[in-house]
$ cat target-v1.cif   # mmCIF, C-alpha atoms
data_upload
#
loop_
_atom_site.label_atom_id
_atom_site.label_comp_id
_atom_site.auth_asym_id
_atom_site.auth_seq_id
_atom_site.Cartn_x
_atom_site.Cartn_y
_atom_site.Cartn_z
CA MET K 1 -8.78 -22.95 29.57
CA ALA K 2 -9.90 -20.93 26.57
CA LYS K 3 -7.18 -19.64 24.33
CA ILE K 4 -6.57 -15.93 24.75
CA LYS K 5 -7.32 -13.57 21.91
CA SER K 6 -4.68 -12.78 19.35
CA LEU K 7 -4.61 -9.82 16.98
CA GLU K 8 -5.14 -12.24 14.06
CA GLU K 9 -8.78 -12.55 15.07
CA LEU K 10 -9.22 -8.80 14.86
CA LYS K 11 -9.01 -9.07 11.07
CA LYS K 12 -12.19 -11.14 11.03
CA ILE K 13 -13.96 -8.71 13.33
CA LYS K 14 -12.89 -5.88 11.04
CA GLU K 15 -14.25 -7.61 7.94
CA GLN K 16 -17.60 -8.23 9.61
CA ALA K 17 -17.69 -4.61 10.74
CA GLN K 18 -16.85 -3.35 7.25
CA GLN K 19 -19.84 -5.17 5.78
CA SER K 20 -22.30 -3.64 8.21
CA VAL K 21 -20.68 -0.21 7.90
CA SER K 22 -20.97 -0.06 4.11
CA LEU K 23 -24.69 -0.82 4.39
CA ARG K 24 -25.11 1.99 6.84
CA VAL K 25 -23.14 4.72 5.08
CA LYS K 26 -25.54 4.69 2.13
CA GLY K 27 -28.65 5.45 4.14
CA ASP K 28 -27.11 7.84 6.61
CA ASN K 29 -25.91 11.35 6.68
CA ILE K 30 -24.01 13.16 9.34
CA GLU K 31 -26.85 15.57 10.29
CA ASN K 32 -28.90 12.62 11.46
CA LEU K 33 -26.36 11.59 14.06
CA VAL K 34 -27.09 11.95 17.75
CA GLN K 35 -24.09 13.14 19.76
CA VAL K 36 -23.35 12.21 23.35
CA ARG K 37 -20.38 13.95 24.91
CA VAL K 38 -19.20 12.79 28.31
CA ALA K 39 -17.28 15.31 30.43
CA MET K 40 -13.96 13.67 31.20
CA ALA K 41 -11.91 16.01 33.38
CA THR K 42 -10.56 15.16 36.85
CA CYS K 43 -13.93 15.90 38.46
CA GLY K 44 -15.82 13.76 35.97
CA ILE K 45 -13.34 10.88 36.12
CA ALA K 46 -13.41 10.82 39.94
CA ALA K 47 -17.22 10.74 39.85
CA GLY K 48 -17.44 7.84 37.40
CA ALA K 49 -17.47 9.39 33.91
CA ARG K 50 -15.47 6.49 32.49
CA GLU K 51 -18.19 4.04 33.58
CA THR K 52 -20.86 6.36 32.20
CA MET K 53 -19.14 6.43 28.83
CA ASN K 54 -18.66 2.65 28.87
CA GLU K 55 -22.30 2.10 29.69
CA PHE K 56 -23.41 4.31 26.79
CA ILE K 57 -21.19 2.34 24.41
CA LYS K 58 -22.43 -0.97 25.82
CA VAL K 59 -26.14 -0.09 25.67
CA LEU K 60 -25.93 1.47 22.21
CA ASN K 61 -24.10 -1.63 20.99
CA GLU K 62 -26.76 -3.93 22.44
CA GLU K 63 -29.53 -1.86 20.90
CA HIS K 64 -27.68 -1.59 17.55
CA MET K 65 -28.10 2.17 17.61
CA ASP K 66 -25.51 3.08 15.01
CA ASN K 67 -26.74 6.65 14.67
CA VAL K 68 -25.35 7.72 18.05
CA VAL K 69 -21.78 8.94 18.46
CA VAL K 70 -20.26 8.82 21.94
CA THR K 71 -17.27 11.01 22.56
CA GLN K 72 -15.78 13.08 25.36
CA THR K 73 -15.34 16.67 26.32
CA GLY K 74 -13.50 18.62 29.01
CA CYS K 75 -14.90 20.05 32.23
CA MET K 76 -18.11 21.93 31.53
CA GLY K 77 -17.99 23.65 34.92
CA TYR K 78 -20.66 21.60 36.71
CA CYS K 79 -18.35 19.60 38.97
CA TYR K 80 -21.07 19.29 41.62
CA ALA K 81 -23.21 17.35 39.17
CA GLU K 82 -20.62 14.99 37.66
CA PRO K 83 -20.76 12.80 35.72
CA THR K 84 -22.30 15.19 33.23
CA ILE K 85 -23.11 14.58 29.59
CA GLU K 86 -24.12 16.79 26.72
CA LEU K 87 -26.77 15.35 24.44
CA THR K 88 -27.27 16.83 21.00
CA MET K 89 -30.21 15.53 19.02
CA PRO K 90 -30.12 16.23 15.27
CA GLY K 91 -31.06 19.82 14.54
CA LYS K 92 -31.60 20.67 18.21
CA GLU K 93 -29.71 22.69 20.81
CA PRO K 94 -27.40 20.67 23.10
CA VAL K 95 -28.85 19.67 26.49
CA VAL K 96 -26.66 18.97 29.54
CA TYR K 97 -27.65 16.27 32.00
CA GLY K 98 -26.08 15.98 35.46
CA ASN K 99 -25.49 13.00 37.78
CA VAL K 100 -25.54 10.52 34.92
CA ASP K 101 -24.98 7.14 36.53
CA LYS K 102 -25.60 3.77 34.87
CA ASN K 103 -29.38 3.90 35.49
CA LYS K 104 -29.58 7.38 34.05
CA VAL K 105 -27.72 6.18 30.95
CA HIS K 106 -30.49 3.65 30.29
CA GLU K 107 -33.16 6.28 30.86
CA ILE K 108 -31.43 8.73 28.50
CA VAL K 109 -31.10 6.11 25.77
CA GLU K 110 -34.69 4.91 26.11
CA LYS K 111 -36.56 8.15 26.68
CA ALA K 112 -34.39 11.04 25.50
CA ILE K 113 -32.68 9.51 22.46
CA LYS K 114 -35.29 7.01 21.30
CA GLY K 115 -38.33 8.93 22.51
CA GLY K 116 -37.16 12.52 22.10
CA GLU K 117 -38.36 13.43 25.60
CA MET K 118 -36.79 15.88 28.03
CA LEU K 119 -35.86 14.22 31.31
CA ASP K 120 -35.24 15.30 34.89
CA GLY K 121 -31.68 16.27 35.64
CA ILE K 122 -31.15 18.84 32.93
CA ILE K 123 -28.74 21.56 33.93
CA PRO K 124 -30.59 24.71 32.92
CA VAL K 125 -28.13 27.11 31.40
CA THR K 126 -27.45 28.89 28.22
CA HIS K 127 -24.83 26.39 27.47
CA ASN K 128 -22.12 26.64 24.89
CA THR K 129 -20.02 23.65 24.00
CA VAL K 130 -16.50 23.97 25.37
CA GLU K 131 -13.62 23.54 22.92
CA MET X 132 -9.53 10.88 45.47
CA MET X 133 -9.48 8.37 42.67
CA LYS X 134 -10.67 4.87 43.55
CA GLU X 135 -8.38 3.16 41.06
CA LEU X 136 -4.93 3.86 39.68
CA ALA X 137 -6.42 3.32 36.22
CA LEU X 138 -8.50 6.47 36.76
CA HIS X 139 -5.33 8.43 37.51
CA VAL X 140 -3.88 7.07 34.27
CA LEU X 141 -6.94 8.32 32.38
CA ASP X 142 -6.78 11.71 34.05
CA ILE X 143 -3.06 12.28 33.54
CA SER X 144 -3.27 11.06 29.94
CA GLU X 145 -5.99 13.64 29.30
CA ASN X 146 -3.37 16.26 30.26
CA SER X 147 -1.11 14.89 27.53
CA VAL X 148 -3.98 15.08 25.04
CA ARG X 149 -4.72 18.66 25.99
CA GLY X 150 -1.02 19.44 25.78
CA ASP X 151 -1.16 18.48 22.08
CA GLY X 152 0.69 15.20 22.44
CA LYS X 153 0.55 13.16 19.23
CA HIS X 154 2.34 10.14 20.68
CA ILE X 155 1.43 9.12 24.20
CA GLU X 156 3.11 6.21 25.96
CA ILE X 157 1.63 4.63 29.04
CA LEU X 158 3.67 2.24 31.14
CA LEU X 159 2.30 0.23 34.04
CA ARG X 160 4.81 -1.87 35.94
CA GLU X 161 3.87 -4.15 38.80
CA ASP X 162 7.12 -5.42 40.24
CA LEU X 163 6.43 -7.72 43.15
CA ARG X 164 10.08 -8.64 43.47
CA ASP X 165 11.16 -5.06 44.11
CA ASP X 166 7.82 -4.28 45.76
CA THR X 167 7.19 -1.31 43.50
CA LEU X 168 4.41 -0.15 41.26
CA VAL X 169 5.30 2.38 38.58
CA ILE X 170 3.08 4.34 36.23
CA ARG X 171 4.80 6.41 33.58
CA ILE X 172 3.09 8.59 31.01
CA THR X 173 5.23 10.17 28.30
CA ASP X 174 4.05 12.53 25.60
CA ASP X 175 5.52 14.63 22.82
CA GLY X 176 3.25 17.57 23.53
CA ARG X 177 4.14 21.19 23.96
CA GLY X 178 5.71 20.71 27.40
CA ILE X 179 5.45 22.66 30.61
CA ALA X 180 7.33 25.92 31.20
CA PRO X 181 9.89 25.81 34.08
CA ASP X 182 7.87 28.31 36.16
CA MET X 183 4.74 26.21 35.94
CA LEU X 184 6.69 23.01 36.60
CA LYS X 185 7.87 24.37 39.97
CA THR X 186 4.34 24.74 41.28
CA ILE X 187 2.61 21.97 39.35
CA LYS X 188 1.86 19.84 42.40
CA ASP X 189 0.00 22.74 43.95
CA PRO X 190 -3.78 22.50 43.42
CA PHE X 191 -3.89 26.22 42.70
CA THR X 192 -1.79 25.76 39.60
CA THR X 193 -3.87 25.01 36.55
CA THR X 194 -4.18 25.81 32.87
CA ARG X 195 -7.94 25.76 33.22
CA THR X 196 -9.73 28.95 32.39
CA LEU X 197 -13.05 27.94 33.92
CA ARG X 198 -11.76 28.15 37.49
CA LYS X 199 -8.63 28.37 39.55
CA VAL X 200 -7.96 24.83 40.76
CA GLY X 201 -6.59 21.77 39.06
CA LEU X 202 -6.53 18.54 41.03
CA GLY X 203 -5.28 15.88 38.63
CA ILE X 204 -1.57 16.08 39.46
CA PRO X 205 -2.04 16.92 43.18
CA PHE X 206 -4.30 13.86 43.59
CA LEU X 207 -1.75 11.53 42.08
CA ASN X 208 1.05 13.18 44.05
CA ASP X 209 -0.84 12.58 47.31
CA THR X 210 -1.50 8.96 46.42
CA CYS X 211 2.20 8.38 45.71
CA LEU X 212 3.36 10.05 48.93
CA MET X 213 0.76 8.18 50.95
CA CYS X 214 2.04 4.88 49.55
CA GLY X 215 5.74 5.33 50.20
CA GLY X 216 6.55 6.61 46.72
CA LYS X 217 6.81 9.84 44.80
CA LEU X 218 5.66 11.67 41.71
CA GLU X 219 8.28 12.97 39.31
CA ILE X 220 7.54 15.25 36.40
CA SER X 221 10.11 16.24 33.84
CA SER X 222 9.31 18.39 30.87
CA THR X 223 10.97 20.33 28.10
CA VAL X 224 9.04 22.99 26.24
CA GLY X 225 8.53 21.91 22.65
CA VAL X 226 9.70 18.35 23.32
CA GLY X 227 7.24 16.80 25.74
CA THR X 228 6.52 15.68 29.26
CA THR X 229 7.10 12.57 31.33
CA VAL X 230 5.11 11.91 34.49
CA THR X 231 6.40 9.06 36.64
CA ALA X 232 4.43 7.88 39.65
CA SER X 233 5.92 5.27 41.93
CA MET X 234 4.48 3.49 44.94
CA GLN X 235 5.30 0.68 47.30
CA TYR X 236 3.42 -2.25 45.76
CA SER X 237 2.42 -3.85 49.05
CA HIS X 238 1.54 -0.58 50.81
CA ILE X 239 -1.76 -0.95 52.62
CA ASP X 240 -3.05 2.35 51.23
CA ARG X 241 -2.14 1.67 47.62
CA PRO X 242 -5.31 1.82 45.51
CA PRO X 243 -5.98 -1.15 43.24
CA VAL X 244 -4.83 -0.86 39.63
CA GLY X 245 -8.48 -1.12 38.60
CA ASP X 246 -9.95 -1.32 35.16
CA MET X 247 -7.05 -0.49 32.83
CA PRO X 248 -8.81 -1.85 29.71
CA SER X 249 -11.66 0.65 30.21
CA THR X 250 -9.21 3.50 30.68
CA LEU X 251 -7.30 2.54 27.56
CA MET X 252 -10.40 2.11 25.42
CA THR X 253 -11.73 5.48 26.57
CA LEU X 254 -8.50 7.07 25.35
CA PHE X 255 -8.00 4.97 22.20
CA SER X 256 -11.52 5.51 20.90
CA SER X 257 -11.84 9.19 21.78
CA TYR X 258 -8.67 10.34 20.07
CA PRO X 259 -8.20 8.51 16.76
CA ASP X 260 -5.51 10.96 15.63
CA ILE X 261 -3.22 10.28 18.57
CA VAL X 262 -0.92 7.26 18.66
CA PHE X 263 -1.15 5.57 22.05
CA ARG X 264 1.27 2.90 23.15
CA PHE X 265 0.61 0.90 26.27
CA GLN X 266 3.10 -1.36 27.96
CA TYR X 267 2.27 -3.57 30.91
CA GLU X 268 5.09 -5.16 32.85
CA TYR X 269 4.72 -7.71 35.58
CA ARG X 270 7.26 -9.54 37.68
CA ALA X 271 6.30 -12.08 40.32
CA ALA X 272 8.13 -12.07 43.64
CA GLN X 273 10.36 -15.05 42.90
CA GLU X 274 11.01 -14.29 39.24
CA GLU X 275 14.04 -12.78 37.51
CA GLU X 276 12.46 -11.80 34.24
CA MET X 277 9.95 -9.05 33.71
CA ARG X 278 6.94 -10.24 31.72
CA VAL X 279 5.83 -7.74 29.11
CA PHE X 280 2.67 -7.07 27.15
CA SER X 281 2.41 -4.11 24.82
CA ILE X 282 0.01 -2.72 22.27
CA SER X 283 -0.16 0.43 20.18
CA THR X 284 -3.05 2.05 18.35
CA GLU X 285 -0.76 2.18 15.32
CA GLU X 286 -0.63 -1.60 15.08
CA LEU X 287 -4.39 -1.78 15.63
CA ALA X 288 -4.95 0.79 12.86
CA GLN X 289 -2.87 -1.30 10.47
CA ILE X 290 -5.14 -4.27 11.00
CA LEU X 291 -8.34 -2.23 11.02
CA GLU X 292 -7.62 -0.42 7.74
CA GLY X 293 -9.92 2.50 8.30
CA VAL X 294 -12.56 0.80 10.46
CA PRO X 295 -12.65 3.00 13.57
CA LEU X 296 -12.10 1.73 17.10
CA THR X 297 -15.44 3.31 17.93
CA ASN X 298 -17.15 0.59 15.89
CA PRO X 299 -19.02 -1.29 18.63
CA SER X 300 -17.91 -4.82 17.79
CA VAL X 301 -14.30 -3.72 17.27
CA TYR X 302 -14.42 -1.74 20.53
CA MET X 303 -15.72 -4.70 22.53
CA TRP X 304 -13.21 -7.07 20.98
CA VAL X 305 -10.17 -4.88 21.66
CA LYS X 306 -11.30 -4.28 25.23
CA GLU X 307 -11.58 -8.02 25.86
CA TYR X 308 -8.23 -8.52 24.15
CA LEU X 309 -6.61 -6.10 26.62
CA GLN X 310 -8.39 -7.72 29.56
CA GLU X 311 -7.35 -11.25 28.66
CA ASN X 312 -3.75 -10.37 27.89
CA MET X 313 -3.27 -8.39 31.07
CA GLU X 314 -4.75 -11.17 33.18
CA ASP X 315 -2.73 -13.77 31.33
CA LEU X 316 0.52 -11.97 32.13
CA LYS X 317 -0.08 -12.47 35.84
CA LYS X 318 -0.67 -16.21 35.64
#
$ encode --input "target-v1.cif" --output "structure tokens"
Amino acid sequence: MAKIKSLEELKKIKEQAQQSVSLRVKGDNIENLVQVRVAMATCGIAAGARETMNEFIKVLNEEHMDNVVVTQTGCMGYCYAEPTIELTMPGKEPVVYGNVDKNKVHEIVEKAIKGGEMLDGIIPVTHNTVE
Amino acid sequence: MMKELALHVLDISENSVRGDGKHIEILLREDLRDDTLVIRITDDGRGIAPDMLKTIKDPFTTTRTLRKVGLGIPFLNDTCLMCGGKLEISSTVGVGTTVTASMQYSHIDRPPVGDMPSTLMTLFSSYPDIVFRFQYEYRAAQEEEMRVFSISTEELAQILEGVPLTNPSVYMWVKEYLQENMEDLKK
């Protein structure tokens, strides 16, 4: 049986992370960050928003896409279309996508974030970020 | 309804976040000896006024402004009642709130605990300014002692020295750490 992780090991992980972070900070500025906000209210959670958020983090980690920030937001009012996410590309207006399951996460990362395309599933509203 | 108890934990903890809690404690106790499962979420947020507290299990009570229903607490309340338990909420304005959900462990309708590490990481990484403490307690049917595993974001922050939990390799590591330690407690 493999030994279970202890917090001691986290120090090493931190040091490795620090090295890659310091390289990144130099070349980056905050306006170039892509923001993904996952709606995480009761409706979103019941529909799978936690898995959506996890999948974003997993995919972005695998693709080494350090310029994307994944965070959460409250209910945006589109409970029928949960899980919903709000995607903000640098310098652009936020776009809300509905019914974002794991497959849609991959499509959003590949086509919308990497390719800058607009995809099916956009909730067409004059949308203002909540809180 | 929520498929996992871990999703209820996420949902109820979000209430604590929105209630301006700066310290949020999450307890999960699986006690096979007493045949109970307890989830307790305690915060030091702004608290709930007595009037609101009276009707809080009613879906038509909500602080939302977008619409008139709030289902987080009613969902958990239903799950508890369905599983031979109850939901207790105590709160003092300006001091904080404690939500305690109890269920019969072996009840046929009790949802599985589910993916607690995902729930915890969602909370830990989204709210770096809030101190979360998680305690997991487990007691097997023939055991006297309660086994305990606990972790706080404060102790993680001390080790991480400014590297955020949102850092992908840190995030993945901590999630696996939670997974392994929770599984290990049940062995």
$ atom_distance --input "target-v1.cif" --atom1 "CA of Asp120 (chain K)" --atom2 "CA of Cys75 (chain K)"
21.1 Å
$ interface_residues --input "target-v1.cif" --of "chain X" --to "chain K" --cutoff "8 Å" --atoms "all atoms listed in the file" --output "ChimeraX atom specification"
/X:132-134,138,141-142,145,197,202-203,249-250,253,257,290-291,294,298-301,304-305,308,311-312,315
$ write_last_selection --input "target-v1.cif" --atoms "C-alpha atoms" --output "PDB file, in the frame of the given file"
ATOM      1  CA  MET X 132      -9.530  10.880  45.470  1.00  0.00           C
ATOM      2  CA  MET X 133      -9.480   8.370  42.670  1.00  0.00           C
ATOM      3  CA  LYS X 134     -10.670   4.870  43.550  1.00  0.00           C
ATOM      4  CA  LEU X 138      -8.500   6.470  36.760  1.00  0.00           C
ATOM      5  CA  LEU X 141      -6.940   8.320  32.380  1.00  0.00           C
ATOM      6  CA  ASP X 142      -6.780  11.710  34.050  1.00  0.00           C
ATOM      7  CA  GLU X 145      -5.990  13.640  29.300  1.00  0.00           C
ATOM      8  CA  LEU X 197     -13.050  27.940  33.920  1.00  0.00           C
ATOM      9  CA  LEU X 202      -6.530  18.540  41.030  1.00  0.00           C
ATOM     10  CA  GLY X 203      -5.280  15.880  38.630  1.00  0.00           C
ATOM     11  CA  SER X 249     -11.660   0.650  30.210  1.00  0.00           C
ATOM     12  CA  THR X 250      -9.210   3.500  30.680  1.00  0.00           C
ATOM     13  CA  THR X 253     -11.730   5.480  26.570  1.00  0.00           C
ATOM     14  CA  SER X 257     -11.840   9.190  21.780  1.00  0.00           C
ATOM     15  CA  ILE X 290      -5.140  -4.270  11.000  1.00  0.00           C
ATOM     16  CA  LEU X 291      -8.340  -2.230  11.020  1.00  0.00           C
ATOM     17  CA  VAL X 294     -12.560   0.800  10.460  1.00  0.00           C
ATOM     18  CA  ASN X 298     -17.150   0.590  15.890  1.00  0.00           C
ATOM     19  CA  PRO X 299     -19.020  -1.290  18.630  1.00  0.00           C
ATOM     20  CA  SER X 300     -17.910  -4.820  17.790  1.00  0.00           C
ATOM     21  CA  VAL X 301     -14.300  -3.720  17.270  1.00  0.00           C
ATOM     22  CA  TRP X 304     -13.210  -7.070  20.980  1.00  0.00           C
ATOM     23  CA  VAL X 305     -10.170  -4.880  21.660  1.00  0.00           C
ATOM     24  CA  TYR X 308      -8.230  -8.520  24.150  1.00  0.00           C
ATOM     25  CA  GLU X 311      -7.350 -11.250  28.660  1.00  0.00           C
ATOM     26  CA  ASN X 312      -3.750 -10.370  27.890  1.00  0.00           C
ATOM     27  CA  ASP X 315      -2.730 -13.770  31.330  1.00  0.00           C
TER      28      ASP X 315
END
$ residues_near_point --input "target-v1.cif" --point "(0.3, 0.1, 26.9)" --cutoff "7 Å" --atoms "all atoms listed in the file" --output "VMD selection string"
chain X and resid 156 to 158 264 to 267 281 to 283
$ residues_around --input "target-v1.cif" --residues "Leu119 (chain K)" --least-positions-apart "2" --cutoff "9 Å" --atoms "all atoms listed in the file" --output "VMD selection string"
chain K and resid 97 107 to 108 111 to 112 117 121 to 122
$ write_last_selection --input "target-v1.cif" --atoms "C-alpha atoms" --output "PDB file, in the coordinates of the input"
ATOM      1  CA  TYR K  97     -27.650  16.270  32.000  1.00  0.00           C
ATOM      2  CA  GLU K 107     -33.160   6.280  30.860  1.00  0.00           C
ATOM      3  CA  ILE K 108     -31.430   8.730  28.500  1.00  0.00           C
ATOM      4  CA  LYS K 111     -36.560   8.150  26.680  1.00  0.00           C
ATOM      5  CA  ALA K 112     -34.390  11.040  25.500  1.00  0.00           C
ATOM      6  CA  GLU K 117     -38.360  13.430  25.600  1.00  0.00           C
ATOM      7  CA  GLY K 121     -31.680  16.270  35.640  1.00  0.00           C
ATOM      8  CA  ILE K 122     -31.150  18.840  32.930  1.00  0.00           C
TER       9      ILE K 122
END
$ closest_residue --input "target-v1.cif" --among "X:Glu314, X:Glu285, X:Asp151, X:Glu274" --to "Asp175 (chain X)" --atoms "only C-alpha atoms"
X:Asp151
$ residues_around --input "target-v1.cif" --residues "Asn67 (chain K)" --least-positions-apart "4" --cutoff "8 Å" --atoms "only C-alpha atoms" --output "compact mmCIF listing (two decimals) with C-alpha atoms, in the frame of the given file"
# COMPACT_ATOMS: atom_id res chain seq x y z
CA ASN K 32 -28.90 12.62 11.46
CA LEU K 33 -26.36 11.59 14.06
CA VAL K 34 -27.09 11.95 17.75
$ atom_distance --input "target-v1.cif" --atom1 "CA of Leu163 (chain X)" --atom2 "CA of Ala271 (chain X)"
5.2 Å
$ atom_distance --input "target-v1.cif" --atom1 "CA of Leu254 (chain X)" --atom2 "CA of Glu268 (chain X)"
19.8 Å
$ closest_residue --input "target-v1.cif" --among "K:Glu86, K:Glu93, K:Asp101, K:Glu110" --to "Arg37 (chain K)" --atoms "all atoms listed in the file"
K:Glu86
$ resolve_selection --input "target-v1.cif" --expression "the PyMOL selection byres ((chain X and resi 154) around 9)" --output "PDB file with C-alpha atoms, in the frame of the given file"
ATOM      1  CA  GLY X 152       0.690  15.200  22.440  1.00  0.00           C
ATOM      2  CA  LYS X 153       0.550  13.160  19.230  1.00  0.00           C
ATOM      3  CA  ILE X 155       1.430   9.120  24.200  1.00  0.00           C
ATOM      4  CA  GLU X 156       3.110   6.210  25.960  1.00  0.00           C
ATOM      5  CA  THR X 173       5.230  10.170  28.300  1.00  0.00           C
ATOM      6  CA  ASP X 174       4.050  12.530  25.600  1.00  0.00           C
ATOM      7  CA  ASP X 175       5.520  14.630  22.820  1.00  0.00           C
ATOM      8  CA  GLY X 176       3.250  17.570  23.530  1.00  0.00           C
ATOM      9  CA  ILE X 261      -3.220  10.280  18.570  1.00  0.00           C
ATOM     10  CA  VAL X 262      -0.920   7.260  18.660  1.00  0.00           C
ATOM     11  CA  PHE X 263      -1.150   5.570  22.050  1.00  0.00           C
ATOM     12  CA  ARG X 264       1.270   2.900  23.150  1.00  0.00           C
TER      13      ARG X 264
END
$ resolve_selection --input "target-v1.cif" --expression "the PyMOL selection byres ((chain X and resi 234-239) around 10)" --output "MDAnalysis selection string"
chainID X and resid 160:170 210:218 232:233 240:243
$ closest_residue --input "target-v1.cif" --among "K:Lys114, K:Gln19, K:Val59, K:Gln35" --to "Met89 (chain K)" --atoms "only C-alpha atoms"
K:Gln35
$ closest_residue --input "target-v1.cif" --among "X:Leu184, X:Leu207, X:Gln273, X:Ile172" --to "Glu135 (chain X)" --atoms "all atoms listed in the file"
X:Leu207
$ closest_residue --input "target-v1.cif" --among "X:Val226, X:Ala137, X:Leu159, X:Met303" --to "Val279 (chain X)" --atoms "all atoms listed in the file"
X:Leu159
